[in-house]
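**Q** Structure incoming, see below.
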Amino acid sequence: MKPTKIVPVVRDGYCKAFFSLDLESSDLASQPHLMLNGYSRALFALQMGDRGLQSIGIGVGDYLLFGTSAPLRSSGQISLVRQEDEFIIRETYWSGDTTMLRVPGETYPTLIVPTENVRIAAVLDDVIRNDELARVVRFG
């Protein structure tokens with residue numbers, strides 16, 4: 001029997017523009033959760049809210065599984081990027097004092113931001129396509 005893990009879908013996530021996200025909330029029980037079969041490093045999921053990752057086969061409505069234990073790479077990693085109190089999903093490319101935040105396929109313009117203002121909140125661990133009959137459970 002495969003192990004099962006349940007992770008909260010905390011909200012929709014976007015590549016096009018920064019969005020607010022409360023990862024500290026203790027009220028995640030009211031959120032829908034994904035039931036994952038097998039091992040996963042994911043701590044939470046975002047449901048893709050725009051077409052920013054379409055060029056790599058991720059569509060609107062797909063579930064992006066994010067974790068914090070994956071090793072960080074300096075280039076090309078799909079990350080949940082935090083700048084001040086807002087977040088965005090982008091590929092990260094660090095280059096000293098600046099970090100380039102790009103979208104695969106250049107669907108949206110690249111952002112160049114000071115590295116000191118950028119924090120990687122989590123990295124993409126896996127994707128569950130919305131049409132793969134993702135098992136969504138609700139509590140309460």
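Identifiers in the structure tokens: chain A, B, ... in order shown; residue index from 1 per chain; ligand index from 1 in order shown.
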If you count only C-alpha atoms, which residues fall within 10 Å of A:Tyr93, apart from same-chain ones fewer than 5 positions away, as number ranges by chain?
**A** A: 73-78, 98-102, 112, 115
**Q** With a distance cut-off of 8 Å and only C-alpha atoms, select the neighbouring residues of stretch 124-139 of chain A, excluding the residue or stretch itself and same-chain residues fewer than 4 positions from it, and output the selection as a ChimeraX atom specification.
**A** /A:29-36,40-42,58-59,61-67,70,77-80
**Q** Neighbouring residues of A:Glu116 were defined as those with any atom within 12 Å, considering only C-alpha atoms; residues of the same chain fewer than 6 positions away were excluded. Please report them as a list in words.
**A** Arg82, Gln83, Glu84, Trp94, Ser95, Gly96, Asp97, Thr98 and Thr99 of chain A
**Q** Calculate how many Å separate atom CA of A:Gly52 from atom CA of A:Ile6, rounding to one decimal.
**A**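 If I compute the distance from atom CA of A:Gly52 to atom CA of A:Ile6, I get 26.0 Å.
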**Q** Expressed in Å to a single decimal, how great is the separation between atom CA of A:Leu111 and atom CA of A:Val123?
**A** 18.2 Å
